[in-house]
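Raw contents of start14.txt, compact mmCIF, C-alpha atoms:
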```txt
# COMPACT_ATOMS: atom_id res chain seq x y z
CA GLU Y 115 -102.62 -130.71 -90.27
CA ILE Y 116 -103.44 -128.65 -87.19
CA ASP Y 117 -104.24 -129.24 -83.55
CA THR Y 118 -102.23 -132.44 -83.10
CA PHE Y 119 -102.84 -134.25 -79.84
CA LYS Y 120 -100.37 -133.45 -77.05
CA ILE Y 121 -100.21 -134.64 -73.47
CA ALA Y 122 -98.74 -133.66 -70.12
CA LEU Y 123 -97.99 -136.31 -67.51
CA LYS Y 124 -99.92 -136.51 -64.24
CA LEU Y 125 -98.05 -136.13 -60.97
CA HIS Y 126 -98.44 -139.82 -60.14
CA GLU Y 127 -96.93 -140.71 -63.54
CA VAL Y 128 -93.93 -138.48 -62.88
CA GLU Y 129 -93.47 -140.14 -59.50
CA LYS Y 130 -93.71 -143.58 -61.12
CA LEU Y 131 -90.98 -142.67 -63.62
CA ALA Y 132 -88.76 -141.39 -60.83
CA LYS Y 133 -89.08 -144.66 -58.89
CA LEU Y 134 -88.22 -146.97 -61.80
CA ASN Y 135 -85.09 -149.04 -61.24
CA LEU Y 136 -83.21 -148.76 -64.52
CA LYS Y 137 -79.68 -149.42 -63.25
CA LYS Y 138 -79.27 -152.46 -65.52
CA GLU Y 139 -80.18 -150.41 -68.60
CA PRO Y 140 -77.94 -147.31 -68.57
CA ARG Y 141 -79.27 -145.88 -71.86
CA LEU Y 142 -82.81 -145.84 -70.42
CA ASP Y 143 -81.64 -144.64 -67.02
CA ARG Y 144 -79.91 -141.67 -68.64
CA VAL Y 145 -82.98 -140.72 -70.69
CA ARG Y 146 -85.25 -140.99 -67.66
CA ASP Y 147 -82.92 -138.70 -65.68
CA LEU Y 148 -82.88 -136.14 -68.53
CA PHE Y 149 -86.65 -136.28 -68.91
CA LEU Y 150 -87.18 -135.67 -65.19
CA LEU Y 151 -84.82 -132.72 -65.49
CA GLU Y 152 -87.07 -131.25 -68.19
CA ILE Y 153 -90.13 -131.80 -65.98
CA LEU Y 154 -88.46 -130.16 -62.97
CA THR Y 155 -87.05 -127.14 -64.84
CA GLY Y 156 -89.51 -126.48 -67.69
CA GLN Y 157 -86.66 -126.15 -70.18
CA ARG Y 158 -86.41 -127.30 -73.78
CA PHE Y 159 -84.40 -130.39 -74.65
CA SER Y 160 -81.83 -128.15 -76.36
CA ASP Y 161 -81.23 -126.28 -73.08
CA LEU Y 162 -80.41 -129.34 -70.97
CA PRO Y 163 -76.62 -129.03 -71.52
CA ALA Y 164 -76.75 -125.52 -70.02
CA VAL Y 165 -78.87 -126.76 -67.11
CA LEU Y 166 -76.28 -129.50 -66.48
CA ASN Y 167 -73.38 -127.04 -66.50
CA LYS Y 168 -72.22 -126.82 -62.89
CA ASN Y 169 -71.08 -123.24 -63.48
CA ASN Y 170 -74.74 -122.25 -63.97
CA VAL Y 171 -75.88 -123.79 -60.68
CA SER Y 172 -75.92 -121.77 -57.46
CA ASP Y 173 -77.32 -122.55 -54.01
CA THR Y 174 -80.71 -121.11 -54.93
CA SER Y 175 -81.12 -121.30 -58.71
CA ILE Y 176 -79.91 -122.42 -62.11
CA THR Y 177 -79.31 -119.52 -64.48
CA ILE Y 178 -79.09 -120.11 -68.22
CA TYR Y 179 -79.52 -118.35 -71.54
CA GLN Y 180 -81.98 -120.34 -73.60
CA LYS Y 181 -80.56 -121.54 -76.89
CA LYS Y 182 -83.61 -120.80 -79.04
CA THR Y 183 -84.35 -117.27 -77.79
CA ASN Y 184 -81.16 -116.22 -75.95
CA GLU Y 185 -83.56 -115.37 -73.11
CA LYS Y 186 -82.02 -115.36 -69.64
CA VAL Y 187 -83.99 -117.47 -67.18
CA ASN Y 188 -83.53 -118.19 -63.50
CA ILE Y 189 -84.83 -121.62 -62.49
CA PRO Y 190 -85.51 -121.83 -58.73
CA LEU Y 191 -83.61 -124.70 -57.14
CA HIS Y 192 -86.69 -126.04 -55.39
CA PRO Y 193 -86.31 -129.13 -53.15
CA LYS Y 194 -87.16 -131.79 -55.78
CA LEU Y 195 -84.87 -130.19 -58.38
CA LYS Y 196 -82.11 -129.76 -55.82
CA ILE Y 197 -82.22 -133.48 -55.00
CA HIS Y 198 -82.39 -134.54 -58.65
CA ILE Y 199 -79.54 -132.33 -59.86
CA LYS Y 200 -77.37 -133.53 -56.94
CA GLU Y 201 -78.17 -137.16 -57.82
CA ILE Y 202 -77.23 -136.52 -61.46
CA PHE Y 203 -73.89 -134.94 -60.54
CA ASN Y 204 -73.15 -137.88 -58.22
CA LYS Y 205 -74.30 -140.57 -60.67
CA TYR Y 206 -72.48 -139.09 -63.65
CA PRO Y 207 -69.18 -137.66 -62.32
CA ASP Y 208 -67.88 -137.25 -65.88
CA GLY Y 209 -71.04 -135.41 -66.93
CA LEU Y 210 -74.41 -136.54 -68.29
CA SER Y 211 -74.13 -136.18 -72.05
CA VAL Y 212 -77.26 -135.36 -74.02
CA ILE Y 213 -78.05 -137.70 -76.91
CA SER Y 214 -79.87 -136.77 -80.12
CA ASN Y 215 -83.53 -135.77 -79.84
CA GLN Y 216 -84.51 -138.66 -82.11
CA LYS Y 217 -82.83 -141.28 -79.91
CA PHE Y 218 -84.14 -139.57 -76.78
CA ASN Y 219 -87.73 -139.84 -78.01
CA LYS Y 220 -87.25 -143.47 -79.05
CA TYR Y 221 -85.84 -144.52 -75.67
CA LEU Y 222 -88.39 -142.43 -73.76
CA ARG Y 223 -91.26 -144.21 -75.50
CA GLU Y 224 -89.62 -147.53 -74.68
CA ILE Y 225 -89.53 -146.52 -71.00
CA CYS Y 226 -93.13 -145.31 -71.03
CA LYS Y 227 -94.36 -148.46 -72.78
CA ASP Y 228 -92.33 -151.31 -71.29
CA LYS Y 229 -91.34 -149.96 -67.87
CA ALA Y 230 -93.94 -147.41 -66.76
CA LYS Y 231 -96.85 -149.02 -68.67
CA PHE Y 232 -98.49 -145.77 -69.78
CA ASP Y 233 -100.89 -147.73 -71.97
CA GLN Y 234 -104.00 -145.57 -71.82
CA LYS Y 235 -105.44 -145.03 -75.30
CA HIS Y 236 -106.33 -141.52 -76.47
CA SER Y 237 -108.67 -140.62 -79.32
CA TRP Y 238 -108.96 -137.25 -81.01
CA VAL Y 239 -110.05 -135.46 -84.16
CA THR Y 240 -107.67 -133.47 -86.30
CA LEU Y 241 -108.39 -131.25 -89.30
CA VAL Y 242 -106.78 -131.78 -92.68
CA GLY Y 243 -108.13 -128.95 -94.79
CA LYS Y 244 -111.85 -129.08 -94.07
CA GLU Y 245 -111.88 -132.81 -93.43
CA GLN Y 246 -112.08 -134.18 -89.90
CA ILE Y 247 -109.83 -137.19 -89.37
CA GLN Y 248 -110.33 -139.51 -86.40
CA LYS Y 249 -107.08 -140.62 -84.78
CA SER Y 250 -106.05 -142.66 -81.76
CA ASP Y 251 -102.82 -143.78 -80.14
CA PHE Y 252 -101.43 -145.09 -76.87
CA ARG Y 253 -100.17 -142.66 -74.25
CA TYR Y 254 -96.62 -144.01 -74.41
CA ASN Y 255 -96.40 -143.13 -78.12
CA LEU Y 256 -97.45 -139.55 -77.37
CA CYS Y 257 -94.53 -138.98 -74.99
CA SER Y 258 -91.59 -136.99 -76.36
CA SER Y 259 -89.00 -134.46 -75.25
CA HIS Y 260 -91.69 -131.75 -75.52
CA THR Y 261 -93.82 -133.60 -72.95
CA GLY Y 262 -91.40 -132.67 -70.16
CA ARG Y 263 -91.84 -128.93 -70.72
CA ARG Y 264 -95.62 -129.27 -71.03
CA THR Y 265 -95.73 -131.33 -67.84
CA PHE Y 266 -93.78 -128.66 -65.95
CA CYS Y 267 -96.15 -125.89 -67.04
CA THR Y 268 -99.31 -127.90 -66.39
CA LEU Y 269 -98.29 -129.18 -62.95
CA ALA Y 270 -96.98 -125.77 -61.85
CA LEU Y 271 -100.32 -124.11 -62.66
CA ALA Y 272 -102.24 -126.95 -61.01
CA GLY Y 273 -100.06 -126.43 -57.94
CA GLY Y 274 -101.22 -122.83 -57.63
CA ILE Y 275 -98.28 -120.97 -59.18
CA ASN Y 276 -99.56 -118.09 -61.31
CA ALA Y 277 -99.04 -118.10 -65.08
CA GLU Y 278 -96.69 -115.10 -65.12
CA THR Y 279 -94.31 -116.80 -62.67
CA VAL Y 280 -94.35 -120.08 -64.59
CA MET Y 281 -93.63 -118.20 -67.83
CA LYS Y 282 -90.65 -116.47 -66.21
CA VAL Y 283 -89.11 -119.86 -65.46
CA SER Y 284 -90.06 -121.60 -68.71
CA GLY Y 285 -89.00 -118.59 -70.78
CA HIS Y 286 -92.33 -118.14 -72.56
CA GLN Y 287 -92.80 -114.52 -73.62
CA ASP Y 288 -96.14 -114.93 -75.36
CA TYR Y 289 -99.18 -116.00 -73.32
CA GLU Y 290 -100.94 -117.59 -76.28
CA MET Y 291 -97.91 -119.77 -76.93
CA PHE Y 292 -97.73 -120.61 -73.23
CA ARG Y 293 -101.35 -121.74 -73.27
CA GLU Y 294 -100.40 -124.37 -75.85
CA TYR Y 295 -98.12 -125.93 -73.23
CA VAL Y 296 -100.85 -126.29 -70.63
CA LYS Y 297 -102.69 -129.57 -71.14
CA VAL Y 298 -105.83 -130.14 -69.12
CA ASP Y 299 -107.84 -133.27 -69.89
CA ASP Y 300 -111.26 -134.50 -68.73
CA SER Y 301 -109.89 -136.13 -65.56
CA ASP Y 302 -108.22 -132.83 -64.56
CA ILE Y 303 -111.49 -130.97 -65.06
CA ASN Y 304 -113.48 -133.55 -63.09
CA GLU Y 305 -110.99 -133.47 -60.22
CA ALA Y 306 -110.89 -129.66 -60.14
CA PHE Y 307 -114.68 -129.37 -59.94
CA LYS Y 308 -114.87 -132.16 -57.38
CA LYS Y 309 -112.47 -130.26 -55.11
CA HIS Y 310 -114.25 -126.96 -55.76
CA MET Y 311 -117.72 -128.32 -55.04
CA THR Y 312 -116.67 -130.08 -51.84
CA LYS Y 313 -114.86 -127.11 -50.33
CA LYS Y 314 -116.23 -126.01 -46.99
CA LYS Y 315 -117.78 -122.58 -47.15
```

Turn the structure described in the file into structure tokens.
Amino acid sequence: EIDTFKIALKLHEVEKLAKLNLKKEPRLDRVRDLFLLEILTGQRFSDLPAVLNKNNVSDTSITIYQKKTNEKVNIPLHPKLKIHIKEIFNKYPDGLSVISNQKFNKYLREICKDKAKFDQKHSWVTLVGKEQIQKSDFRYNLCSSHTGRRTFCTLALAGGINAETVMKVSGHQDYEMFREYVKVDDSDINEAFKKHMTKKK
């Protein structure tokens, strides 16, 4: 099976997640905080412990060696990340432990379904051999730990940051692989052309 359907969250969806009051459900609150950290740093789930290590955090950046590649990356401590990392350190004085990827994905989908209501349905075609298979699923079921990294890359490019700079932060060394993390759907295309066509000359 190739070309499985992947998504990146919209900015308004990220903001909705950030505003959710999950204080009464600590397991979901923790997963939401970790997911936002992925979105704000562009790092893999496996690199979150390094991101959360206070020794790696300076006044201007978070510097880590990525677990998968041993690549050194400097993550700019931009205003939103600075606020979020400070909130995490204050909320979890004994440290925010990272749970298993499997549990993370399960709880994340629970948040996206029951709390954030990401219930848009997506349909796509995938190839199995030479056969085209029609598939569909709800947006909340398509959210996983990988969605955070894809959302970072997609929103950074949409915000006008060039690809080379985004790749430096995310740790992508291959542009073709990086392209797989950028998810532009029909609404993104429509909005981009709407802005372009209405620009004053």

If you measure from CA of His260 (chain Y) to CA of Asn169 (chain Y), what distance in Å do you get, rounded to one decimal?
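Spanning CA of His260 (chain Y) to CA of Asn169 (chain Y) is a straight-line distance of 25.3 Å.
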
My list of candidates is Y:Phe119, Y:Leu195, Y:Leu142, Y:Met281. Which is closest to Ser237 (chain Y) when distances are computed with only C-alpha atoms?
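Looking at the shortest contact to Ser237 (chain Y), the residue is Y:Phe119.
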
If we count only C-alpha atoms and set the cut-off at 9 Å, which residues sit around region 191-194 of chain Y, ignoring sequence neighbours fewer than 4 positions away in its own chain? Please answer as a PyMOL selection string.
chain Y and resi 154-155+171-176+198-199

Proximity to Ile213 (chain Y) - best of Y:Ile197, Y:Val145, Y:Val165, Y:Ala277, only C-alpha atoms
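Closest residue, counting only C-alpha atoms: Y:Val145.
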
Take the point (-95.6, -125.8, -57.9) as written in the file and pick out every residue within 12 Å of it, counting only C-alpha atoms; give the list as an MDAnalysis selection string.
chainID Y and resid 125 153:156 190 192:195 265:277 279:280 283

May I ask for the distance between CA of Lys168 (chain Y) and CA of Arg263 (chain Y), given in Å to one decimal place?
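According to the coordinates, CA of Lys168 (chain Y) and CA of Arg263 (chain Y) are separated by 21.2 Å.
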
How many Å separate CA of Leu151 (chain Y) from CA of Ser250 (chain Y)?
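CA of Ser250 (chain Y) lies 28.5 Å from CA of Leu151 (chain Y).
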
Can you pull out the residues contacting Glu127 (chain Y)? Cut-off 10 Å, using only C-alpha atoms, and skip same-chain residues under 4 positions away; I want them as JSON, numbers by chain.
{"Y": [122, 123, 131, 132, 133, 226, 230, 231, 232]}

Counting all atoms listed in the file, find the residues whose atoms lie at most 12 Å from (-75.9, -137.0, -64.4) (file coordinates) and write them out as a PyMOL selection string.
chain Y and resi 140+143-151+162-163+165-168+197-212

Once you have the residues from the selection above, write them out as a compact mmCIF listing (two decimals), in the frame of the given file, restricted to C-alpha atoms.
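As written to disk, out-v8.txt reads:
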```
# COMPACT_ATOMS: atom_id res chain seq x y z
CA PRO Y 140 -77.94 -147.31 -68.57
CA ASP Y 143 -81.64 -144.64 -67.02
CA ARG Y 144 -79.91 -141.67 -68.64
CA VAL Y 145 -82.98 -140.72 -70.69
CA ARG Y 146 -85.25 -140.99 -67.66
CA ASP Y 147 -82.92 -138.70 -65.68
CA LEU Y 148 -82.88 -136.14 -68.53
CA PHE Y 149 -86.65 -136.28 -68.91
CA LEU Y 150 -87.18 -135.67 -65.19
CA LEU Y 151 -84.82 -132.72 -65.49
CA LEU Y 162 -80.41 -129.34 -70.97
CA PRO Y 163 -76.62 -129.03 -71.52
CA VAL Y 165 -78.87 -126.76 -67.11
CA LEU Y 166 -76.28 -129.50 -66.48
CA ASN Y 167 -73.38 -127.04 -66.50
CA LYS Y 168 -72.22 -126.82 -62.89
CA ILE Y 197 -82.22 -133.48 -55.00
CA HIS Y 198 -82.39 -134.54 -58.65
CA ILE Y 199 -79.54 -132.33 -59.86
CA LYS Y 200 -77.37 -133.53 -56.94
CA GLU Y 201 -78.17 -137.16 -57.82
CA ILE Y 202 -77.23 -136.52 -61.46
CA PHE Y 203 -73.89 -134.94 -60.54
CA ASN Y 204 -73.15 -137.88 -58.22
CA LYS Y 205 -74.30 -140.57 -60.67
CA TYR Y 206 -72.48 -139.09 -63.65
CA PRO Y 207 -69.18 -137.66 -62.32
CA ASP Y 208 -67.88 -137.25 -65.88
CA GLY Y 209 -71.04 -135.41 -66.93
CA LEU Y 210 -74.41 -136.54 -68.29
CA SER Y 211 -74.13 -136.18 -72.05
CA VAL Y 212 -77.26 -135.36 -74.02
```

Could you work out an axis-aligned box for region 228-236 of chain Y, taking every atom the file lists and adding 6 Å on each side, and report centre and edge lengths in Å to one decimal, as lines of an AutoDock Vina configuration file?
```
center_x = -98.8
center_y = -146.4
center_z = -71.6
size_x = 27.0
size_y = 21.8
size_z = 21.7
```
